[in-house]
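Listing of entry-v8.txt; format and content: compact mmCIF, C-alpha atoms.
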```txt
# COMPACT_ATOMS: atom_id res chain seq x y z
CA MET O 1 0.00 0.00 0.00
CA PRO O 2 1.30 3.47 -0.80
CA GLY O 3 2.38 5.64 2.12
CA GLN O 4 1.83 8.79 0.10
CA ILE O 5 -0.90 9.53 -2.42
CA THR O 6 0.84 11.35 -5.26
CA LEU O 7 0.31 12.81 -8.70
CA ALA O 8 1.79 10.96 -11.70
CA GLY O 9 5.02 12.92 -11.43
CA GLY O 10 5.44 12.12 -7.75
CA THR O 11 4.10 15.37 -6.24
CA PRO O 12 2.61 14.46 -2.82
CA VAL O 13 -1.13 14.97 -2.40
CA LEU O 14 -1.91 13.35 0.94
CA ASP O 15 -0.39 10.92 3.39
CA ALA O 16 -2.30 7.65 3.39
CA SER O 17 -2.72 7.88 7.17
CA GLU O 18 -5.03 10.87 6.65
CA LEU O 19 -7.56 8.90 4.60
CA PRO O 20 -10.93 8.21 6.23
CA THR O 21 -11.60 4.71 7.54
CA GLY O 22 -12.77 2.50 4.72
CA ILE O 23 -10.90 4.32 1.94
CA HIS O 24 -8.08 2.08 0.77
CA PRO O 25 -4.85 3.89 -0.20
CA ALA O 26 -4.59 2.01 -3.49
CA ASN O 27 -8.08 3.13 -4.47
CA ALA O 28 -7.32 6.71 -3.44
CA ALA O 29 -4.11 6.69 -5.47
CA ALA O 30 -5.97 5.37 -8.51
CA ALA O 31 -8.65 8.05 -8.14
CA VAL O 32 -6.02 10.82 -8.01
CA LEU O 33 -4.27 9.54 -11.12
CA ALA O 34 -7.60 9.20 -12.93
CA ALA O 35 -8.59 12.76 -12.04
CA GLU O 36 -5.22 14.09 -13.17
CA ALA O 37 -5.39 12.16 -16.45
CA THR O 38 -8.94 13.35 -17.14
CA LEU O 39 -7.98 16.98 -16.68
CA HIS O 40 -4.98 16.50 -18.96
CA HIS O 41 -7.11 14.79 -21.61
CA LEU O 42 -9.63 17.64 -21.54
CA GLY O 43 -6.87 20.23 -21.72
CA ARG O 44 -8.02 21.82 -18.51
CA THR O 45 -6.04 23.15 -15.57
CA GLN O 46 -7.14 23.21 -11.98
CA PRO O 47 -5.77 25.91 -9.67
CA ASP O 48 -4.32 24.32 -6.56
CA LEU O 49 -4.91 20.81 -7.90
CA VAL O 50 -3.09 19.21 -4.98
CA GLY O 51 -5.16 21.07 -2.40
CA THR O 52 -8.42 20.26 -4.18
CA LEU O 53 -7.60 16.56 -4.45
CA ALA O 54 -6.41 16.39 -0.84
CA GLN O 55 -9.64 17.97 0.38
CA GLY O 56 -11.70 15.54 -1.68
CA LEU O 57 -9.83 12.55 -0.29
CA ARG O 58 -10.24 13.71 3.31
CA GLN O 59 -13.99 14.03 2.76
CA ALA O 60 -14.42 10.72 0.92
CA GLN O 61 -16.96 8.32 2.37
CA PRO O 62 -17.00 4.55 1.93
CA ILE O 63 -19.94 2.92 0.19
CA ARG O 64 -22.42 1.42 2.63
CA GLY O 65 -21.46 -2.19 3.05
CA ARG O 66 -17.90 -1.55 1.86
CA PHE O 67 -15.52 -1.78 4.84
CA GLU O 68 -17.73 0.23 7.16
CA GLU O 69 -17.16 0.29 10.90
CA VAL O 70 -20.62 -0.30 12.35
CA GLY O 71 -19.70 -0.38 16.03
CA ARG O 72 -17.02 -0.59 18.68
CA LEU O 73 -16.96 -2.77 21.74
CA GLY O 74 -14.16 -1.41 23.89
CA GLY O 75 -11.15 -1.44 21.59
CA ILE O 76 -12.72 -3.92 19.18
CA ARG O 77 -13.90 -2.56 15.83
CA LEU O 78 -16.76 -4.40 14.17
CA ILE O 79 -16.44 -3.94 10.42
CA GLU O 80 -18.95 -4.78 7.71
CA ASP O 81 -17.67 -5.50 4.21
CA SER O 82 -20.50 -7.74 3.07
CA ILE O 83 -19.91 -6.80 -0.56
CA ALA O 84 -16.33 -8.15 -0.44
CA THR O 85 -16.61 -11.22 -2.67
CA ARG O 86 -13.70 -10.55 -5.05
CA THR O 87 -10.16 -11.44 -4.01
CA ILE O 88 -8.90 -7.87 -4.39
CA ALA O 89 -11.70 -6.49 -2.21
CA VAL O 90 -11.24 -9.09 0.51
CA ARG O 91 -7.49 -8.55 0.53
CA SER O 92 -8.00 -4.81 0.87
CA ALA O 93 -10.25 -5.38 3.87
CA LEU O 94 -7.71 -7.68 5.53
CA GLU O 95 -4.97 -5.09 5.04
CA GLN O 96 -7.04 -2.33 6.63
CA ALA O 97 -8.66 -4.11 9.56
CA PRO O 98 -6.85 -3.53 12.89
CA ALA O 99 -5.05 -6.67 14.07
CA PRO O 100 -5.66 -9.08 15.62
CA VAL O 101 -8.50 -9.86 13.24
CA VAL O 102 -11.26 -12.41 13.61
CA TRP O 103 -12.44 -12.94 10.06
CA LEU O 104 -15.99 -13.98 9.16
CA VAL O 105 -16.06 -15.93 5.88
CA GLY O 106 -18.94 -17.66 4.17
CA GLY O 107 -21.58 -17.63 1.50
CA ARG O 108 -21.64 -19.31 -1.88
CA ASP O 109 -18.37 -19.69 -3.78
CA LYS O 110 -18.11 -17.51 -6.89
CA GLY O 111 -14.58 -18.55 -7.79
CA ALA O 112 -12.51 -16.10 -5.75
CA GLU O 113 -8.82 -16.98 -5.64
CA LEU O 114 -7.80 -17.79 -2.07
CA ALA O 115 -4.01 -18.01 -2.38
CA PRO O 116 -3.40 -14.23 -2.23
CA LEU O 117 -5.58 -14.04 0.87
CA ARG O 118 -3.35 -16.42 2.80
CA GLY O 119 -0.50 -13.94 2.55
CA ALA O 120 -2.69 -10.98 3.50
CA ALA O 121 -3.95 -12.87 6.55
CA GLN O 122 -0.50 -13.95 7.73
CA GLY O 123 0.30 -12.41 11.09
CA ARG O 124 -2.96 -10.45 11.15
CA VAL O 125 -5.81 -12.96 11.36
CA ARG O 126 -6.10 -14.76 14.68
CA HIS O 127 -9.12 -16.92 13.87
CA VAL O 128 -11.65 -17.53 11.12
CA VAL O 129 -15.36 -18.00 11.78
CA ALA O 130 -16.98 -19.84 8.88
CA PHE O 131 -20.68 -19.78 8.07
CA GLY O 132 -22.93 -20.62 5.17
CA GLU O 133 -22.67 -22.99 2.24
CA ASP O 134 -18.97 -22.72 1.39
CA GLY O 135 -17.58 -21.01 4.48
CA PRO O 136 -16.11 -24.21 5.97
CA ARG O 137 -14.28 -24.99 2.73
CA PHE O 138 -12.94 -21.43 2.49
CA ALA O 139 -11.65 -21.66 6.04
CA ALA O 140 -10.03 -25.05 5.51
CA GLU O 141 -8.27 -23.91 2.34
CA LEU O 142 -7.01 -20.74 4.01
CA GLY O 143 -5.09 -22.89 6.47
CA LEU O 144 -5.96 -20.79 9.52
CA PRO O 145 -7.55 -21.83 12.82
CA TYR O 146 -11.30 -21.80 12.35
CA THR O 147 -14.70 -22.51 13.81
CA VAL O 148 -17.79 -23.48 11.81
CA ILE O 149 -21.23 -22.02 12.51
CA PRO O 150 -23.89 -24.62 11.57
CA MET O 151 -26.09 -23.58 8.66
CA GLN O 152 -29.84 -24.03 8.56
CA ALA O 153 -31.92 -22.86 5.61
CA GLY O 154 -33.86 -19.70 6.30
CA GLN O 155 -31.83 -18.85 9.40
CA GLY O 156 -29.25 -16.47 8.01
CA ALA O 157 -29.84 -13.86 10.69
CA GLN O 158 -29.32 -16.43 13.44
CA ALA O 159 -26.17 -17.73 11.76
CA MET O 160 -24.79 -14.18 11.71
CA GLN O 161 -25.68 -13.64 15.36
CA ASP O 162 -23.85 -16.83 16.26
CA ALA O 163 -20.87 -15.87 14.08
CA VAL O 164 -20.43 -12.47 15.76
CA THR O 165 -20.80 -13.99 19.23
CA GLU O 166 -18.22 -16.64 18.40
CA ALA O 167 -15.83 -14.11 16.88
CA LEU O 168 -15.76 -11.96 19.99
CA ARG O 169 -14.63 -14.93 22.08
CA TYR O 170 -11.30 -14.80 20.29
CA LEU O 171 -10.57 -11.20 21.30
CA PRO O 172 -10.62 -11.49 25.10
CA GLU O 173 -8.13 -8.65 25.51
CA GLY O 174 -10.69 -6.25 24.02
CA GLN O 175 -8.54 -5.08 21.09
CA GLY O 176 -8.55 -5.79 17.36
CA SER O 177 -11.40 -6.23 14.92
CA VAL O 178 -14.18 -8.51 13.81
CA LEU O 179 -14.29 -8.36 10.03
CA LEU O 180 -17.11 -9.55 7.79
CA ALA O 181 -15.36 -9.96 4.42
CA PRO O 182 -17.11 -13.14 3.35
CA ILE O 183 -15.52 -14.14 0.00
CA GLY O 184 -18.74 -15.89 -1.07
CA THR O 185 -21.97 -14.41 -2.38
CA SER O 186 -24.92 -14.01 -0.04
CA PHE O 187 -27.42 -16.19 -1.90
CA ASP O 188 -27.09 -19.28 0.29
CA LEU O 189 -28.68 -17.64 3.34
CA PHE O 190 -29.73 -14.14 2.27
CA ALA O 191 -31.51 -12.39 -0.58
CA ASN O 192 -28.51 -10.16 -1.34
CA TYR O 193 -25.36 -8.68 0.20
CA GLN O 194 -27.36 -5.80 1.69
CA GLU O 195 -29.49 -8.22 3.69
CA ARG O 196 -26.39 -10.05 4.86
CA GLY O 197 -24.83 -6.75 5.91
CA ALA O 198 -28.03 -5.78 7.75
CA ALA O 199 -27.90 -9.07 9.65
CA PHE O 200 -24.33 -8.32 10.70
CA ARG O 201 -25.33 -4.83 11.82
CA GLN O 202 -28.22 -6.21 13.84
CA ALA O 203 -25.92 -8.74 15.48
CA VAL O 204 -23.49 -5.95 16.36
CA GLU O 205 -26.26 -3.78 17.82
CA GLU O 206 -27.32 -6.60 20.08
CA ARG O 207 -23.75 -7.20 21.19
CA LEU O 208 -23.35 -3.51 22.00
CA ALA O 209 -26.07 -3.80 24.63
CA PRO O 210 -24.57 -3.26 28.13
CA SER O 211 -25.60 -6.75 29.24
CA SER O 212 -23.36 -8.28 26.59
CA ALA O 213 -20.13 -6.55 27.60
CA ALA O 214 -19.26 -9.14 30.25
CA ASP O 215 -19.13 -11.85 27.58
CA LEU O 216 -15.84 -10.44 26.29
CA GLN O 217 -14.10 -11.68 29.38
CA GLU O 218 -14.66 -15.32 28.38
CA THR O 219 -11.54 -16.96 26.98
CA PRO O 220 -11.94 -19.48 24.14
CA ALA O 221 -11.42 -23.10 25.06
```

Would you give me this structure, written as structure tokens?
Amino acid sequence: MPGQITLAGGTPVLDASELPTGIHPANAAAAVLAAEATLHHLGRTQPDLVGTLAQGLRQAQPIRGRFEEVGRLGGIRLIEDSIATRTIAVRSALEQAPAPVVWLVGGRDKGAELAPLRGAAQGRVRHVVAFGEDGPRFAAELGLPYTVIPMQAGQGAQAMQDAVTEALRYLPEGQGSVLLAPIGTSFDLFANYQERGAAFRQAVEERLAPSSAADLQETPA
């Protein structure tokens, strides 16, 4: 990932650390280069181009369902990236999520390549929680410690509740992140990725209730 977002000639625009949560540096760099190329193609100049681009990047907002922090439980960030079903998107999420990461994977396989994800997960992912039709196979092929949430047709919301509850057990120190970046499509248990994301959000809201906080003290067996 770039440390500096720059113009094509190397002029700095913004340090990657200043980007809002959910905006990946590689995407920001590509957007800057595209904007610069478009202006050049149109034969237009932009006064204070660097300042304008920097301001736009600082104000950028992630798409709903694209690496969005939907809650915090102590120092644990709960991040929804339900739309992450392509290898490049899942890898981006793994690179951004604060370690240690408990990674929720599942859904129906659409042919995503898993090999690049093993490297991205190395040293960052503590545990994988697998759900849905192909989640267990994803987890096994990733070669990381994992737990499987049983799947029952028509009970996607319950499966997500169970997945979030299980994930939090692996962050007893109260730091890190729970990341829904599922790899598979949503159609095994949900109507679409938005419904899957909504189920994750609902599970997070329930876990944020004061009565649930004590559960974080439980250490996994």

**OP:** Tell me, as a list in words, which residues lie within 8 Å of Val164 (chain O), counting only C-alpha atoms; anything in the same chain fewer than 3 positions away does not count.
**Re:** Met160, Gln161, Ala167, Leu168, Val178, Phe200, Ala203 and Val204 of chain O

Subject >> Coordinates-based distance that separates CA of Thr87 (chain O) from CA of Ala121 (chain O) (Å, one decimal) >> reply: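 According to the coordinates, CA of Ala121 (chain O) and CA of Thr87 (chain O) are separated by 12.3 Å.
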
Subject >> One-decimal distance in Å that lies between CA of Ala35 (chain O) and CA of Leu19 (chain O) >> reply: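 About the pair CA of Leu19 (chain O) and CA of Ala35 (chain O): they are 17.1 Å apart.
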
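Taking all atoms listed in the file, the non-local environment of region 37-52 of chain O within 10 Å (same-chain residues fewer than 6 positions away omitted) comprises Thr6, Leu7, Ala8, Thr11, Pro12, Val13, Leu14 and Ala31 of chain O.
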
**OP:** Please identify all polymer residues within 8 Å of region 74-82 of chain O, counting all atoms listed in the file, omitting same-chain residues fewer than 3 positions from it, and present them as a list in words.
**Re:**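 Selected residues are Gly65, Arg66, Phe67, Glu68, Glu69, Val70, Gly71, Thr85, Ala93, Ala97, Pro98, Leu171, Gly174, Gln175, Gly176, Ser177, Val178, Leu179, Leu180, Ala181, Pro182, Tyr193, Gln194, Arg196, Gly197, Phe200, Arg201 and Val204 of chain O.
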